[in-house]
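Asks: Have a look at this one.
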Amino acid sequence: MDFTSKLPNVGTTIFAEMGQLALQYKAVNLSQGAPNFGTDPKLLELVQNALKDGHNQYAPMPGTYSLREKIAGKIEALYGTTYHPETEVTITTGATQAIFNVISAFIRPNDEVIVCKPAYDCYEPTIELYGGKVVPIELSNEDFQVDWETFKNKISAKTKMVIINSPHNPSGTLLSVGDMLQLQEILRGTNIVLLSDEVYEHIVFDGLLHESASKFPDLASRSFICASFGKTFHVTGWKLGYVVGPKELMREFRRVHQYTVFSVNHPMQKAVAAYLEDENHYLGLNQFYQEKRDYFLEAIRSSRFRFKPSDGTYFQVVDYSTITDESDITFSKRLIKEYKIASIPLSVFQLNNRDNGQLRLCFAKTRETLDRAAEILNRI
């Protein structure tokens with residue numbers, strides 16, 4: 001069959017490639033952001049209860065009302081902004097579907113979308129699929145900060161959307177109050193939609209705070225905020241997420257949502273709604289993951305890898321420039337084949353695949369796995 005690809009430059013994702021190599025070489029896998037420890041038995045019990053109670057048919061298109069109500073209450077308690085469960089909260093098949101549908105609902109050919117690089121790999125293909133133009137902003141080399149003057153100069157009459165991600169994957173950095181205020185001022189008076197990817201909102205360390213776009217009135221008025229229960233409750237295989245936004249924006253989102261997935265796994269929605277009744281299930285995650293970060297970093301402190309502790313997410317960026325001058329892709333593949341440890345090369349997220357000699361490691365693992373990983377990294 002003769003056809004022209006709509007995404008000619010898109011191949012297999014780096015996550016699939018490194019995952020397959022890790023499997024082939026039986027490597028310790030710190031590449032994909034998937035925890036390898038068990039789920040809270042209480043949450044599993046709630047799913048079983050929902051199945052037994054007969055919640056096995058379609059959920060309402062926007063999601064079960066009880067879950068939307070819990071999400072709205074959580075956001076109001078944490079960030080001070082009220083979203084109506086009926087019209088401003090939608091349950092999605094993971095955050096990726098939420099992000100895809102936001103872009104597909106609003107981006108038309110030649111619309112410009114500002115994306116901060118390095119960036120998670122699902123944003124740009126979707127923009128290109130709908131004929132949009134990616135306008136990249138390169139974050140600083142060392143601390144992954146936004147140059148807001150450069151950002152401001154990239155705004156044009158064609159700018160339709162801005163995408164931000166905090167806590168940031170892959171760098172583990174956070175946008176500060178000052179960052180959010182500058183962004184709010186730059187976007188004020190425009191019709192630009194803000195897509196805020198906040199899937200790691202509950203995984204922030206060292207007493208720092210997550211600055212949600214919902215906390216800033218002008219940003220909230222133009223924002224879709226995407227989040228993930230899969231990431232929050234370390235059940236990534238469930239693919240359960242949500243998006244919140246103002247009613248007039250959400251109306252457009254749901255026009256697309258109803259023809260992509262229509263509705264999301266019903267019993268798991270019921271279970272998560274009940275699980276959210278105890279706020280400690282998400283408020284305790286900062287400490288839970290910080291202990292894993294600290295344990296892992298202490299274990300590799302004597303290695304030749306250099307690092308600044310991650311501020312959030314469950315990823316840690318390490319610099320290997322004192323070890324080799326190989327490209328990060330070459331080095332990461334060699335680590336799998338020769339040392340039996342898998343990571344993600346940071347250049348795949350960077351503008352023009354810029355290579356700074358950095359790898360991304362996931363520390364959302366058991367202590368046994370972290371010990372095995374540390375033993376390997378310490379002898380490289």
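Chain labels A, B, ... are given in the sequence in which chains occur in the structure tokens; within each chain residues are numbered consecutively from 1, and ligands are likewise numbered from 1 in the order shown.
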Would you mind listing what lies within 9 Å of Leu361 in chain A as number ranges by chain, with only C-alpha atoms counted and same-chain residues fewer than 6 positions away left out?

Replies: A: 29-33, 314-318, 342-344

Asks: Give me the residues within 8 Å of Gly241 in chain A as a PDB file with N, CA and C atoms, in the first residue's frame, counting only C-alpha atoms and dropping any in the same chain fewer than 5 places off.

Replies:
ATOM      1  N   ILE A  91     -12.262  12.309  33.891  1.00  0.00           N
ATOM      2  CA  ILE A  91     -11.381  11.169  34.137  1.00  0.00           C
ATOM      3  C   ILE A  91     -10.899  10.637  32.789  1.00  0.00           C
ATOM      4  N   THR A  92      -9.608  10.310  32.702  1.00  0.00           N
ATOM      5  CA  THR A  92      -9.006   9.908  31.437  1.00  0.00           C
ATOM      6  C   THR A  92      -8.241   8.593  31.568  1.00  0.00           C
ATOM      7  N   THR A  93      -7.913   8.021  30.423  1.00  0.00           N
ATOM      8  CA  THR A  93      -7.093   6.816  30.394  1.00  0.00           C
ATOM      9  C   THR A  93      -5.630   7.222  30.539  1.00  0.00           C
ATOM     10  N   GLY A  94      -5.270   7.568  31.745  1.00  0.00           N
ATOM     11  CA  GLY A  94      -3.927   8.056  32.006  1.00  0.00           C
ATOM     12  C   GLY A  94      -3.758   9.507  31.585  1.00  0.00           C
ATOM     13  N   ALA A  95      -2.657  10.108  32.038  1.00  0.00           N
ATOM     14  CA  ALA A  95      -2.379  11.503  31.680  1.00  0.00           C
ATOM     15  C   ALA A  95      -2.046  11.646  30.205  1.00  0.00           C
ATOM     16  N   ALA A  98      -5.074  12.356  28.295  1.00  0.00           N
ATOM     17  CA  ALA A  98      -5.515  13.720  28.588  1.00  0.00           C
ATOM     18  C   ALA A  98      -4.719  14.727  27.769  1.00  0.00           C
ATOM     19  N   CYS A 226      -3.226  18.304  33.881  1.00  0.00           N
ATOM     20  CA  CYS A 226      -3.296  16.863  33.700  1.00  0.00           C
ATOM     21  C   CYS A 226      -2.555  16.156  34.831  1.00  0.00           C
ATOM     22  N   ALA A 227      -3.139  15.098  35.342  1.00  0.00           N
ATOM     23  CA  ALA A 227      -2.538  14.366  36.458  1.00  0.00           C
ATOM     24  C   ALA A 227      -2.769  12.875  36.273  1.00  0.00           C
ATOM     25  N   SER A 228      -2.101  12.080  37.112  1.00  0.00           N
ATOM     26  CA  SER A 228      -2.105  10.629  36.918  1.00  0.00           C
ATOM     27  C   SER A 228      -2.204   9.889  38.246  1.00  0.00           C
ATOM     28  N   PHE A 229      -3.254   9.085  38.408  1.00  0.00           N
ATOM     29  CA  PHE A 229      -3.323   8.201  39.566  1.00  0.00           C
ATOM     30  C   PHE A 229      -2.332   7.050  39.415  1.00  0.00           C
ATOM     31  N   GLY A 230      -2.023   6.681  38.175  1.00  0.00           N
ATOM     32  CA  GLY A 230      -1.037   5.640  37.949  1.00  0.00           C
ATOM     33  C   GLY A 230       0.304   5.996  38.545  1.00  0.00           C
TER      34      GLY A 230
END

Asks: Just want the 10 Å neighbourhood of Ser221 in chain A, counted on only C-alpha atoms, with same-chain residues fewer than 5 positions away dropped. Output as a ChimeraX atom specification.

Replies: /A:193-194,213-214,216,245-249

Asks: Set the distance at 12 Å and use only C-alpha atoms: which residues neighbour Thr150 in chain A once local chain neighbours fewer than 2 positions away are removed? I'd like the list as number ranges by chain.

Replies: A: 114, 116, 135-140, 145-148, 152-155, 183, 186

Asks: Quick one: which range 303-357 of chain A residues come within 10 Å of range 374-378 of chain A, and what is the nearest atom pair for each with the distance in Å to one decimal, counting only C-alpha atoms, rows ordered by chain and ascending number, as a tab-separated table?

Replies:
residue	atom	partner	partner_atom	distance
A:Ser303	CA	A:Asn378	CA	4.4
A:Arg304	CA	A:Asn378	CA	7.2
A:Phe305	CA	A:Leu377	CA	7.9
A:Leu335	CA	A:Leu377	CA	9.3
A:Tyr339	CA	A:Ile376	CA	6.7
A:Lys340	CA	A:Ile376	CA	7.9
A:Ile341	CA	A:Ile376	CA	7.3

Asks: Those selected residues, please, written with C-alpha atoms and delivered as a compact mmCIF listing (two decimals), in the first residue's frame.

Replies:
# COMPACT_ATOMS: atom_id res chain seq x y z
CA SER A 303 30.66 6.32 42.25
CA ARG A 304 32.13 8.44 39.46
CA PHE A 305 28.69 9.71 38.48
CA LEU A 335 25.83 -0.11 30.26
CA TYR A 339 27.22 -3.95 33.08
CA LYS A 340 23.59 -5.12 33.08
CA ILE A 341 21.98 -1.83 34.09

Asks: Near Val348 in chain A, within 9 Å and counting only C-alpha atoms, which residues show up once chain neighbours fewer than 5 positions away are dropped, as an MDAnalysis selection string?

Replies: chainID A and resid 14 118:119 121 329 353:355

Asks: Dump N, CA, C and O atoms for the selected residues as an mmCIF file, in the first residue's frame?

Replies:
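What ended up in part_26.cif:
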data_model
loop_
_atom_site.group_PDB
_atom_site.id
_atom_site.type_symbol
_atom_site.label_atom_id
_atom_site.label_comp_id
_atom_site.auth_asym_id
_atom_site.auth_seq_id
_atom_site.Cartn_x
_atom_site.Cartn_y
_atom_site.Cartn_z
ATOM 1 N N ILE A 14 12.180 5.524 23.024
ATOM 2 C CA ILE A 14 13.394 5.116 23.739
ATOM 3 C C ILE A 14 13.052 4.186 24.898
ATOM 4 O O ILE A 14 13.836 3.285 25.246
ATOM 5 N N PRO A 118 14.649 19.946 27.802
ATOM 6 C CA PRO A 118 14.134 18.632 27.434
ATOM 7 C C PRO A 118 12.677 18.444 27.827
ATOM 8 O O PRO A 118 12.220 19.005 28.816
ATOM 9 N N ALA A 119 11.965 17.666 27.028
ATOM 10 C CA ALA A 119 10.538 17.460 27.257
ATOM 11 C C ALA A 119 10.187 15.993 27.107
ATOM 12 O O ALA A 119 10.790 15.272 26.295
ATOM 13 N N ASP A 121 8.329 12.763 25.832
ATOM 14 C CA ASP A 121 8.260 12.539 24.385
ATOM 15 C C ASP A 121 6.866 12.441 23.787
ATOM 16 O O ASP A 121 6.741 12.206 22.582
ATOM 17 N N ILE A 329 23.622 7.890 24.199
ATOM 18 C CA ILE A 329 22.932 6.709 23.665
ATOM 19 C C ILE A 329 23.887 5.525 23.604
ATOM 20 O O ILE A 329 23.554 4.414 24.029
ATOM 21 N N ASN A 353 18.543 16.927 20.016
ATOM 22 C CA ASN A 353 19.231 15.795 20.664
ATOM 23 C C ASN A 353 20.563 16.204 21.287
ATOM 24 O O ASN A 353 21.543 15.447 21.253
ATOM 25 N N ARG A 354 20.573 17.394 21.877
ATOM 26 C CA ARG A 354 21.791 17.877 22.542
ATOM 27 C C ARG A 354 22.243 16.876 23.598
ATOM 28 O O ARG A 354 21.457 16.411 24.410
ATOM 29 N N ASP A 355 23.524 16.559 23.565
ATOM 30 C CA ASP A 355 24.084 15.542 24.449
ATOM 31 C C ASP A 355 25.000 16.203 25.468
ATOM 32 O O ASP A 355 26.081 16.684 25.126
#

Asks: Just give me the gap between CA of Thr90 in chain A and CA of Gly54 in chain A in Å, one decimal is fine.

Replies: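 For CA of Thr90 in chain A relative to CA of Gly54 in chain A, the distance reads 22.1 Å.
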
Asks: As an exercise, work out the distance from CA of Gly63 in chain A to CA of Val47 in chain A in Å and give it to one decimal place.

Replies: 15.9 Å

Asks: Write out as a list of chain:residue names which residues come within 6 Å of Leu346 in chain A when counting only C-alpha atoms, dropping same-chain ones fewer than 3 positions away.

Replies: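 After dropping sequence-adjacent residues, the list is A:Phe349, A:Gln358, A:Leu359.
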
Asks: Would you mind listing what lies within 7 Å of Ala59 in chain A as JSON, numbers by chain, with only C-alpha atoms counted and same-chain residues fewer than 4 positions away left out?

Replies: {"A": [63, 64, 263, 264, 266]}

Asks: Can you write just those residues out, C-alpha atoms, as a short mmCIF file (atom, residue, chain, number, x, y, z; two decimals), in the first residue's frame?

Replies:
data_model
loop_
_atom_site.label_atom_id
_atom_site.label_comp_id
_atom_site.auth_asym_id
_atom_site.auth_seq_id
_atom_site.Cartn_x
_atom_site.Cartn_y
_atom_site.Cartn_z
CA GLY A 63 -16.02 9.78 34.88
CA THR A 64 -17.81 8.64 38.01
CA SER A 263 -15.28 6.34 29.36
CA VAL A 264 -12.60 4.88 31.60
CA HIS A 266 -15.28 1.82 36.02
#

Asks: Enter the distance from CA of Thr87 in chain A to CA of Pro62 in chain A, in Å, rounded to one decimal.

Replies: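 CA of Thr87 in chain A sits 8.6 Å away from CA of Pro62 in chain A.
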